[in-house]
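Next comes target-v4.cif, with mmCIF, C-alpha atoms.
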```
data_entry
loop_
_atom_site.label_atom_id
_atom_site.label_comp_id
_atom_site.auth_asym_id
_atom_site.auth_seq_id
_atom_site.Cartn_x
_atom_site.Cartn_y
_atom_site.Cartn_z
CA MET H 1 -70.55 31.95 -47.86
CA ALA H 2 -69.79 34.75 -50.33
CA ALA H 3 -71.08 37.35 -47.86
CA LEU H 4 -68.89 35.95 -45.08
CA THR H 5 -65.87 35.99 -47.39
CA ARG H 6 -66.51 39.65 -48.26
CA LEU H 7 -66.80 40.43 -44.55
CA LEU H 8 -63.55 38.60 -43.76
CA SER H 9 -61.85 40.39 -46.66
CA ARG H 10 -62.87 43.81 -45.32
CA ALA H 11 -61.82 42.89 -41.79
CA VAL H 12 -58.35 41.66 -42.73
CA ARG H 13 -57.79 44.71 -44.97
CA ALA H 14 -58.69 46.94 -42.02
CA LEU H 15 -56.34 45.01 -39.74
CA GLY H 16 -53.55 45.38 -42.29
CA GLN H 17 -54.20 49.10 -42.71
CA ALA H 18 -54.13 49.46 -38.92
CA GLY H 19 -50.47 48.40 -38.99
CA HIS H 20 -50.74 44.61 -38.72
CA PRO H 21 -50.46 43.22 -42.26
CA GLY H 22 -48.67 40.06 -41.07
CA ASP H 23 -51.48 39.17 -38.67
CA ALA H 24 -54.05 40.04 -41.35
CA SER H 25 -52.25 37.87 -43.91
CA ARG H 26 -52.20 34.91 -41.53
CA LEU H 27 -55.97 35.24 -40.99
CA ALA H 28 -56.63 35.58 -44.72
CA ALA H 29 -54.45 32.53 -45.39
CA ASP H 30 -56.38 30.49 -42.81
CA GLY H 31 -59.59 31.46 -44.62
CA TRP H 32 -58.01 30.59 -47.96
CA VAL H 33 -57.12 27.10 -46.68
CA ALA H 34 -60.67 26.57 -45.45
CA LEU H 35 -62.18 27.60 -48.79
CA ARG H 36 -59.73 26.70 -51.54
CA HIS H 37 -61.12 23.27 -52.45
CA ALA H 38 -64.84 23.66 -51.76
CA ARG H 39 -65.27 27.36 -52.66
CA PRO H 40 -62.41 28.37 -55.01
CA ALA H 41 -63.99 31.70 -56.02
CA GLU H 42 -64.14 32.85 -52.40
CA ALA H 43 -60.61 31.55 -51.81
CA GLU H 44 -59.42 33.59 -54.80
CA ARG H 45 -60.93 36.72 -53.23
CA LEU H 46 -58.82 36.10 -50.11
CA ASN H 47 -55.76 35.47 -52.27
CA GLY H 48 -56.28 38.92 -53.80
CA VAL H 49 -56.53 40.46 -50.34
CA MET H 50 -53.23 38.80 -49.36
CA HIS H 51 -51.58 40.37 -52.43
CA TYR H 52 -52.92 43.76 -51.33
CA LEU H 53 -51.60 43.20 -47.79
CA ALA H 54 -48.17 42.23 -49.12
CA ARG H 55 -47.73 45.79 -50.41
CA LEU H 56 -48.32 47.33 -46.97
CA PRO H 57 -45.40 48.10 -44.63
CA ASP H 58 -44.81 44.94 -42.58
CA ASP H 59 -45.27 44.84 -38.82
CA ARG H 60 -42.77 42.00 -38.40
CA GLN H 61 -39.38 42.00 -40.03
CA ASN H 62 -38.57 38.36 -39.21
CA ASP H 63 -41.69 36.66 -40.57
CA THR H 64 -39.71 34.68 -43.12
CA PRO H 65 -36.37 32.89 -42.81
CA LYS H 66 -33.06 34.51 -43.73
CA GLU H 67 -31.49 34.19 -47.15
CA THR H 68 -29.65 30.96 -47.99
CA ASP H 69 -28.08 29.47 -51.10
CA MET H 70 -29.88 27.07 -53.39
CA THR H 71 -28.40 23.63 -53.93
CA ALA H 72 -27.43 22.12 -57.26
CA GLU H 73 -30.42 19.75 -57.01
CA ASP H 74 -32.98 22.54 -56.75
CA ARG H 75 -34.89 22.91 -59.99
CA PRO H 76 -36.15 26.35 -61.03
CA LEU H 77 -39.87 27.05 -61.38
CA ASP H 78 -40.32 30.29 -63.31
CA VAL H 79 -43.96 31.37 -63.08
CA ARG H 80 -43.54 34.83 -64.60
CA SER H 81 -45.10 33.77 -67.91
CA GLU H 82 -47.96 31.85 -66.25
CA ALA H 83 -51.41 33.39 -65.86
CA PRO H 84 -51.78 34.75 -62.30
CA ALA H 85 -54.74 32.43 -61.63
CA ARG H 86 -52.58 29.39 -62.42
CA ARG H 87 -49.43 30.31 -60.48
CA HIS H 88 -50.32 29.18 -56.94
CA THR H 89 -51.78 25.89 -58.19
CA LEU H 90 -48.59 25.16 -60.14
CA ILE H 91 -46.41 26.06 -57.15
CA PHE H 92 -48.36 23.85 -54.72
CA GLU H 93 -48.34 20.96 -57.22
CA THR H 94 -44.56 21.31 -57.54
CA TRP H 95 -44.10 21.37 -53.75
CA THR H 96 -46.38 18.34 -53.30
CA SER H 97 -44.25 16.36 -55.76
CA LEU H 98 -41.09 16.92 -53.68
CA SER H 99 -39.58 14.25 -51.47
CA PRO H 100 -38.54 15.28 -47.94
CA GLY H 101 -35.35 17.34 -48.08
CA GLU H 102 -35.89 18.43 -51.68
CA GLY H 103 -36.66 21.93 -52.87
CA PHE H 104 -37.18 24.12 -55.88
CA VAL H 105 -36.47 27.76 -56.64
CA LEU H 106 -39.53 29.85 -57.38
CA ILE H 107 -38.86 32.69 -59.81
CA ASN H 108 -41.55 35.38 -59.74
CA ASP H 109 -42.18 38.96 -60.85
CA HIS H 110 -43.37 40.13 -57.42
CA ASP H 111 -42.77 39.29 -53.78
CA PRO H 112 -44.57 35.97 -53.19
CA LYS H 113 -45.27 36.80 -49.54
CA PRO H 114 -48.99 35.85 -49.86
CA LEU H 115 -47.87 32.40 -50.94
CA TYR H 116 -45.70 32.17 -47.81
CA TYR H 117 -48.76 32.76 -45.62
CA GLN H 118 -50.72 30.14 -47.58
CA PHE H 119 -47.94 27.59 -47.04
CA ALA H 120 -47.78 28.52 -43.34
CA ALA H 121 -51.54 28.09 -42.95
CA GLU H 122 -51.76 24.78 -44.76
CA HIS H 123 -48.34 23.18 -44.22
CA GLU H 124 -46.93 24.62 -40.99
CA GLY H 125 -43.61 23.00 -40.13
CA ALA H 126 -43.51 21.03 -43.38
CA PHE H 127 -41.87 23.60 -45.66
CA THR H 128 -38.86 25.88 -45.79
CA TRP H 129 -38.82 29.34 -47.35
CA ASP H 130 -35.57 31.13 -48.16
CA TYR H 131 -35.31 34.35 -50.15
CA LEU H 132 -32.44 34.21 -52.64
CA GLU H 133 -33.24 37.45 -54.51
CA GLU H 134 -35.70 40.17 -53.49
CA GLY H 135 -36.62 42.30 -56.49
CA PRO H 136 -37.28 44.87 -57.66
CA GLU H 137 -38.02 43.02 -60.91
CA THR H 138 -37.29 39.39 -60.01
CA TRP H 139 -37.81 37.43 -56.80
CA ARG H 140 -36.22 34.03 -56.28
CA VAL H 141 -37.30 31.93 -53.29
CA ARG H 142 -36.13 28.44 -52.42
CA ILE H 143 -39.11 26.45 -51.21
CA GLY H 144 -38.34 23.09 -49.66
CA ARG H 145 -40.11 20.14 -48.13
CA THR H 146 -39.00 19.14 -44.64
CA ALA H 147 -38.79 15.64 -43.24
CA ALA H 148 -42.01 16.42 -41.32
CA ALA H 149 -43.98 16.80 -44.55
#
```
The structure in this file should be written as C-alpha cells.
Amino acid sequence: MAALTRLLSRAVRALGQAGHPGDASRLAADGWVALRHARPAEAERLNGVMHYLARLPDDRQNDTPKETDMTAEDRPLDVRSEAPARRHTLIFETWTSLSPGEGFVLINDHDPKPLYYQFAAEHEGAFTWDYLEEGPETWRVRIGRTAAA
C-alpha cells in the first residue's frame, strides 16, 4: 500500500506540474478518502501532496464558490495555533457536529484549498465553501452543512 501511495503521489505531482493542479488535487483527495481511516500514514502523505499542489498556479479559477458573508450564528474555528497534523481532524469533527443549514468560519494561516478537495471527495453536495478573506496572512472560509448532508 505504501508503494502505491508513493506512486500516486508522484503521479499527481506530475499532473499538477503539467498545469492541472485542480485535477491532481481531486485525484489526491479521492486517494485520501480511500486511505484516511485504514491507512492514516499514507493518507497524510497525500494530504502533504495536496498542500504542495495548492501552491501551484491553478488551472481553474472557479473551483470554489464566490465570497459571501458569514451569519451571526457561525462560530469561528481558529486552527492557527493547532499542530498541523491535528487541524483537518478538528475541522472535520466540527463540520460533522453541524446541523443542516449551519456553518462555521475556519480561520487559518494558509489557503485551505487542500481541505476543500478533501470535502469535495468525501462529502460532495453536502457542504458549502465560501471564502471570506484570502490572505496573505489570514484566510477565513465559511464552511457549511447543506440539507443534503
Counting all atoms listed in the file, which of H:Glu102, H:Glu42, H:Asp23, H:Asp30 gets nearest to H:Arg145?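 The answer is H:Glu102, which sits nearest to H:Arg145.
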Using all atoms listed in the file: which of H:Ala120, H:Phe92, H:Asp78, H:Leu98 has the shortest distance to H:Val141: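 Looking only at the distances to H:Val141, the closest residue turns out to be H:Asp78.
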Minimum-distance residue to H:Val79, chosen among H:Arg140, H:Arg39, H:Arg45, H:His20 (using all atoms listed in the file):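 Under the stated criterion, the closest residue is H:Arg140.
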Under the rule that only C-alpha atoms are counted, which of H:Leu90, H:Met1, H:Asp74, H:Pro114 is the nearest residue to H:Arg55?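 That would be H:Pro114, the residue with the smallest distance to H:Arg55.
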Pick out the residues sitting within 8 Å of stretch 104-112 of chain H, and hand them over as JSON, numbers by chain; count all atoms listed in the file, and ignore anything fewer than 3 positions along from it in its own chain. {"H": [54, 70, 74, 75, 76, 77, 78, 79, 80, 91, 95, 115, 116, 134, 135, 136, 137, 138, 139, 140, 141, 142, 143, 144]}
Go ahead and compute the interatomic distance for atom CA of H:Arg10 and atom CA of H:His88, in Å to one decimal.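 Answer for the atom CA of H:Arg10 to atom CA of H:His88 separation: 22.5 Å.
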Atom pair atom CA of H:Leu27 + atom CA of H:Gly101, distance 28.2 Å
Answer as a list in words, residues within 10 Å of (-39.3, 15.6, -42.9) using all atoms listed in the file: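 So the residues meeting the distance criterion are Ser99, Pro100, Gly101, Glu102, Gly125, Ala126, Phe127, Arg145, Thr146, Ala147, Ala148 and Ala149 of chain H.
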Exercise on stretch 102-118 of chain H, axis-aligned box with 3 Å per side, report centre and edge lengths in Å to one decimal, as lines of an AutoDock Vina configuration file:
```
center_x = -43.3
center_y = 29.3
center_z = -53.2
size_x = 20.8
size_y = 27.7
size_z = 21.2
```
Between atom CA of H:Asn47 and atom CA of H:Ala11, what is the spacing in Å?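 Interatomic distance here is 14.2 Å.
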Option closest in space to H:Leu46, from H:Ala2, H:Ala29, H:Ala24, H:Leu15 [counting only C-alpha atoms]: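 Of H:Ala2, H:Ala29, H:Ala24, H:Leu15, the one nearest H:Leu46, counting only C-alpha atoms, is H:Ala29.
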Of the candidates H:Glu93, H:Glu122, H:Glu133, H:Glu82, which one gets nearest to H:Gly31 if we count all atoms listed in the file? H:Glu122
The PyMOL selection byres ((chain H and resi 21) around 12) resolved against shown file, as a PDB file with C-alpha atoms, in the coordinates of the input:
```pdb
ATOM      1  CA  ALA H  11     -61.820  42.890 -41.790  1.00  0.00           C
ATOM      2  CA  VAL H  12     -58.350  41.660 -42.730  1.00  0.00           C
ATOM      3  CA  ARG H  13     -57.790  44.710 -44.970  1.00  0.00           C
ATOM      4  CA  ALA H  14     -58.690  46.940 -42.020  1.00  0.00           C
ATOM      5  CA  LEU H  15     -56.340  45.010 -39.740  1.00  0.00           C
ATOM      6  CA  GLY H  16     -53.550  45.380 -42.290  1.00  0.00           C
ATOM      7  CA  GLN H  17     -54.200  49.100 -42.710  1.00  0.00           C
ATOM      8  CA  ALA H  18     -54.130  49.460 -38.920  1.00  0.00           C
ATOM      9  CA  GLY H  19     -50.470  48.400 -38.990  1.00  0.00           C
ATOM     10  CA  HIS H  20     -50.740  44.610 -38.720  1.00  0.00           C
ATOM     11  CA  GLY H  22     -48.670  40.060 -41.070  1.00  0.00           C
ATOM     12  CA  ASP H  23     -51.480  39.170 -38.670  1.00  0.00           C
ATOM     13  CA  ALA H  24     -54.050  40.040 -41.350  1.00  0.00           C
ATOM     14  CA  SER H  25     -52.250  37.870 -43.910  1.00  0.00           C
ATOM     15  CA  ARG H  26     -52.200  34.910 -41.530  1.00  0.00           C
ATOM     16  CA  LEU H  27     -55.970  35.240 -40.990  1.00  0.00           C
ATOM     17  CA  ALA H  28     -56.630  35.580 -44.720  1.00  0.00           C
ATOM     18  CA  ALA H  29     -54.450  32.530 -45.390  1.00  0.00           C
ATOM     19  CA  VAL H  49     -56.530  40.460 -50.340  1.00  0.00           C
ATOM     20  CA  MET H  50     -53.230  38.800 -49.360  1.00  0.00           C
ATOM     21  CA  HIS H  51     -51.580  40.370 -52.430  1.00  0.00           C
ATOM     22  CA  TYR H  52     -52.920  43.760 -51.330  1.00  0.00           C
ATOM     23  CA  LEU H  53     -51.600  43.200 -47.790  1.00  0.00           C
ATOM     24  CA  ALA H  54     -48.170  42.230 -49.120  1.00  0.00           C
ATOM     25  CA  ARG H  55     -47.730  45.790 -50.410  1.00  0.00           C
ATOM     26  CA  LEU H  56     -48.320  47.330 -46.970  1.00  0.00           C
ATOM     27  CA  PRO H  57     -45.400  48.100 -44.630  1.00  0.00           C
ATOM     28  CA  ASP H  58     -44.810  44.940 -42.580  1.00  0.00           C
ATOM     29  CA  ASP H  59     -45.270  44.840 -38.820  1.00  0.00           C
ATOM     30  CA  ARG H  60     -42.770  42.000 -38.400  1.00  0.00           C
ATOM     31  CA  GLN H  61     -39.380  42.000 -40.030  1.00  0.00           C
ATOM     32  CA  ASP H  63     -41.690  36.660 -40.570  1.00  0.00           C
ATOM     33  CA  LYS H 113     -45.270  36.800 -49.540  1.00  0.00           C
ATOM     34  CA  PRO H 114     -48.990  35.850 -49.860  1.00  0.00           C
ATOM     35  CA  TYR H 117     -48.760  32.760 -45.620  1.00  0.00           C
TER      36      TYR H 117
END
```
